[in-house]
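Structure record follows, encoded as C-alpha cells.
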Amino acid sequence: MLVRVRFTPQLRRFLEAPPAEVEASSAREALEAVFADHPRLRAYLLDEQGALNKHFALFIGGELARDADALDRPLATGQHLDLMQALSGG
Amino acid sequence: MANPDPPAFFVGTRKGLFQLARQAAGEWLPIGHDFVGDPVTQLLHDARDGSLYAALNLGHFGPKLHRLAPGAADWEEIACPAFQETDGASVKEIWALEAGGADQPGRLWAGTIPGGLFRSDDAGASWQLVRSLWEDPGRAKWFGGGADEPAIHSICVHPEDSRELLVGVSCGGAWQSRDDGATWQQVAQGMRAAYLPEEQSLEPDSQDPHMIVRCPAQPSELWCQHHNGIFKRSGDADWTEVTTAPVSAFGFACVVHPTDPQRAWFVPGTSDQCRLPVDAAVVVQHTRDGGASFEVQREGLPQSHAHDIVLRHALAIDGGGERLAFGSTCGGLWVTEDGGQAWQIQAVRLPPVYVVKWQQPAS
C-alpha cells in the first residue's frame, strides 16, 4: 500500500529529506524505499543495527510508537509516518 | 575556516568549531565559528595536505564526519566510520582521529566509542573496521571508563615507520601493531590500576590510560596520563610509573615536547571520584627531566574558585614546543608562548571544550 512519510524539518540543516509516498507494508520498508532515493538519510535515522536513533520519535498514524518493534510492525491502511526529533539534548 | 599566516589553533566544543588566530603576543581571538550549535568531538588538521577534518556528534542524528579540503570554502560531509550489522555494535562517537604516515597519502585512523579502530585509505571517503583488533580475544576484557562502553582515544602513529601503531583504550590498555594493523599485541605491562582488586591491578587488559602521546622526534618515548597515575615507556620496556607529580597524579590530558621527550605537561585534577581542580586552582604540571621532578605552573591560571576540568584532547602543543593551548569544561581557554612559564587567559567564553588542535603549517 502507499504510505506517506514526513521528516522533521530540522534535517534540512544537514541534508534533503522531502516528504515521500512509497509502497510499503511496514515503517522499515517505507524508510528503505526512501533511502533508495536519499541514501545519506539512512545514517541520520538508523544506527548500524537498524534501530531508530534514540533521539528520533516515530509517529505511526499520528500516534507515538515507542515499542521496540515499531519499525517492523505491519501498517494499517491509511497510516502515515512522521519522523520527528525527540525533545532531548540541549 | 581560513588558513591565516599568523599561527592559529582550532577548538572543538559542545557548540561548534572555533578557530583562533594570534593577534599579538599572548592574545588569540576567534576568527571562525563553524558547525554552530553542534558538538565537535574530534579534529584533525592533516599536515600532509592541509585538509581539516571535524567529527561531530549530532544530538539527534548521531556521529558525522566532515572534511574541509585545502582551499575549499565549504565543508563536505564524508563517510563516518560504521560497524556492520553483524558486528553487534554502533558507533556512538569518533573519539580519536589521526593521519597515517607521510608515505600513506589518504590514510586516516579513527577510534570510536565503542572501541573500534577504523582505517581509511581515501581521505575518509570510506572506512574499514580493523577486524584484527576488534576480533582479538583480549577485547572481551575491555570495559567502559570515561564512557559507558570501552573506547579508543589515542592513536600514535610512528613517524619513522607508519606501519607501527599504538592505540590507547579506556579501559583496555595499550595495543601495538608493527604490521600496519594486521596483528596486535597488548603493551600495557607496567601500568597499575588502583581501581581493581590488588591481585589484578597489573592486568594489562584492564588498564585505563586516559591519554597516550608519542614524542615525534624520539618516537620510542611515550607518556601516558592514566586513570590513577602518570606512566612513561621507552622502547619495548614495560611502562614505569612516575610518582613525583606534586599536585595530583589524576587527570586526563597530557602532551610531550615535539623534540625533547624528557618534557611533558599534565593538567591534574582531584581524585577520580570528584574530577575537579585540586583546591579549586587550575595548574599545569610540567617535567623537564623525564618525570624525576615537576614544576607546577600557576602564572596566568585561576588560583581560586575555578572548577575547570581539561578533557583528554583539550590540551595541545604546537610543533615548536613552546606554544601550548588548553580549554576547559567551563569554557575557559588559556595559551602560553613560553612552555607554560606564563599562561594567558583568552578573552572568550567558549562552550565546554572537547578538543584543541594546532593548525599545521602550510607545507
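Every chain in the C-alpha cells has a letter given in the order shown (A, B, ...), and although residue numbers restart at 1 in each chain, ligands are simply numbered from 1 in the order shown.
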Using the chain letters and numbers from this document, which residues of chain A does DSSP assign to strand (DSSP E or B), as an MDAnalysis selection string? chainID A and resid 2:7 20:23 26 46 52 56:60 63:64 74 81:85
For chain A, work out the contacting residues on chain B at 9 Å, counting only C-alpha atoms, and write them as a PyMOL selection string. chain B and resi 59-64+77+80+82-91
Using DSSP secondary structure from the backbone, list all alpha helix (DSSP H) positions within chain A, as a PyMOL selection string. chain A and resi 27-37+42-45
Serialized selection, C-alpha atoms, as a short mmCIF file (atom, residue, chain, number, x, y, z; two decimals), in the first residue's frame:
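Generated file (selection.cif):
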```
data_model
loop_
_atom_site.label_atom_id
_atom_site.label_comp_id
_atom_site.auth_asym_id
_atom_site.auth_seq_id
_atom_site.Cartn_x
_atom_site.Cartn_y
_atom_site.Cartn_z
CA ALA A 27 7.73 1.60 8.62
CA ARG A 28 11.07 -0.07 7.91
CA GLU A 29 10.03 -0.90 4.37
CA ALA A 30 8.89 2.66 3.91
CA LEU A 31 12.20 4.05 5.14
CA GLU A 32 14.17 1.65 2.94
CA ALA A 33 12.19 2.90 -0.04
CA VAL A 34 13.04 6.49 0.89
CA PHE A 35 16.72 5.60 1.40
CA ALA A 36 16.85 4.27 -2.15
CA ASP A 37 16.45 7.85 -3.33
CA ARG A 42 19.95 6.37 6.48
CA ALA A 43 22.79 7.27 8.85
CA TYR A 44 20.78 10.17 10.24
CA LEU A 45 17.80 7.95 11.14
#
```
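Near Phe266 in chain B, within 8 Å and counting only C-alpha atoms, sit Gln225, Gly251, Phe252, Ala253, Cys254, Val255, Val284, Gln285 and His286 of chain B, not including residues fewer than 6 positions from it in the same chain.
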Can you pull out the residues contacting Arg13 in chain A? Cut-off 12 Å, using only C-alpha atoms, and skip same-chain residues under 5 positions away; I want them as an MDAnalysis selection string. (chainID A and resid 8 44) or (chainID B and resid 35:38 58 61)
Write out the residues from the selection above, keeping C-alpha atoms, as a compact mmCIF listing (two decimals), in the first residue's frame.
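Saved to out.txt:
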```txt
# COMPACT_ATOMS: atom_id res chain seq x y z
CA THR A 8 11.41 16.71 10.83
CA TYR A 44 20.78 10.17 10.24
CA PHE B 35 29.06 23.92 12.88
CA VAL B 36 27.35 26.46 15.08
CA GLY B 37 25.37 24.69 17.78
CA ASP B 38 26.70 21.21 17.06
CA LEU B 58 24.81 15.48 16.49
CA PHE B 61 21.30 12.44 14.28
```
What does the distance between CA of Leu52 in chain B and CA of Ile152 in chain B come to in Å, to one decimal place? 20.7 Å
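Residue nearest Lys357 in chain B, chosen from B:Gly319, B:Pro302, B:Gly168, B:Gly339 and counting only C-alpha atoms: B:Gly319.
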Just want the 9 Å neighbourhood of range 336-338 of chain B, counted on only C-alpha atoms, with same-chain residues fewer than 3 positions away dropped. Output as a list of chain:residue names.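 Close residues of range 336-338 of chain B: B:Ala25, B:Gly26, B:Gly321, B:Glu322, B:Arg323, B:Leu324, B:Ala325, B:Gln341, B:Ala342, B:Trp343, B:Gln344, B:Ile345.
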Can you pull out every residue within 8 Å of Trp223 in chain B, counting only C-alpha atoms, but drop anything in the same chain fewer than 2 positions away, and send it as JSON, numbers by chain? {"B": [212, 213, 214, 221, 225, 230, 231, 232, 233, 254, 255, 256, 264]}
Would you output that residue set with N, CA and C atoms, as a short mmCIF file (atom, residue, chain, number, x, y, z; two decimals), in the first residue's frame?
```
data_model
loop_
_atom_site.label_atom_id
_atom_site.label_comp_id
_atom_site.auth_asym_id
_atom_site.auth_seq_id
_atom_site.Cartn_x
_atom_site.Cartn_y
_atom_site.Cartn_z
N ILE B 212 47.53 8.79 25.69
CA ILE B 212 48.89 8.36 25.41
C ILE B 212 49.44 9.23 24.28
N VAL B 213 50.65 9.75 24.47
CA VAL B 213 51.27 10.59 23.44
C VAL B 213 52.69 10.08 23.17
N ARG B 214 53.12 10.31 21.94
CA ARG B 214 54.43 9.84 21.48
C ARG B 214 55.26 11.05 21.11
N GLU B 221 59.71 7.05 22.68
CA GLU B 221 59.41 7.58 24.01
C GLU B 221 57.92 7.97 24.08
N GLN B 225 48.93 9.70 30.60
CA GLN B 225 48.14 10.07 31.77
C GLN B 225 47.11 8.98 31.96
N ILE B 230 50.67 8.66 36.39
CA ILE B 230 51.40 9.05 35.19
C ILE B 230 52.41 7.94 34.91
N PHE B 231 52.48 7.51 33.66
CA PHE B 231 53.39 6.45 33.27
C PHE B 231 54.17 6.88 32.03
N LYS B 232 55.37 6.30 31.87
CA LYS B 232 56.12 6.55 30.64
C LYS B 232 56.72 5.23 30.17
N ARG B 233 57.05 5.21 28.89
CA ARG B 233 57.56 3.98 28.29
C ARG B 233 58.67 4.34 27.32
N CYS B 254 47.51 15.08 28.49
CA CYS B 254 48.96 15.20 28.57
C CYS B 254 49.49 15.46 27.17
N VAL B 255 50.62 16.17 27.11
CA VAL B 255 51.33 16.36 25.84
C VAL B 255 52.82 16.22 26.12
N VAL B 256 53.56 15.90 25.06
CA VAL B 256 55.01 15.78 25.16
C VAL B 256 55.62 16.78 24.19
N ALA B 264 57.22 17.00 29.42
CA ALA B 264 55.81 16.66 29.23
C ALA B 264 54.97 17.52 30.17
#
```
Which distance in Å separates CA of Ser132 in chain B and CA of Glu149 in chain B, to one decimal? 19.2 Å
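Close contacts of Ser248 in chain B, defined as residues with an atom at most 7 Å away when counting only C-alpha atoms, with chain neighbours fewer than 4 positions off set aside, comprise Pro268, Gly269 and Thr270 of chain B.
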How about saving the chosen residues, C-alpha atoms kept, as a CSV table (one decimal), in the first residue's frame?
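Resulting contents of part17.csv:
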```
chain,number,residue,atom,x,y,z
B,268,PRO,CA,45.8,17.4,37.1
B,269,GLY,CA,42.6,17.1,38.9
B,270,THR,CA,41.4,15.7,42.2
```
Can you tell me how far CA of Arg298 in chain B sits from CA of Phe9 in chain B, in Å to one decimal?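 Interatomic distance, CA of Arg298 in chain B to CA of Phe9 in chain B: 22.3 Å.
With only C-alpha atoms as the basis for measurement, A:Leu83 is the residue among A:Leu83, A:Ala17, A:Arg6, A:Arg12 that approaches Leu64 in chain A most closely.
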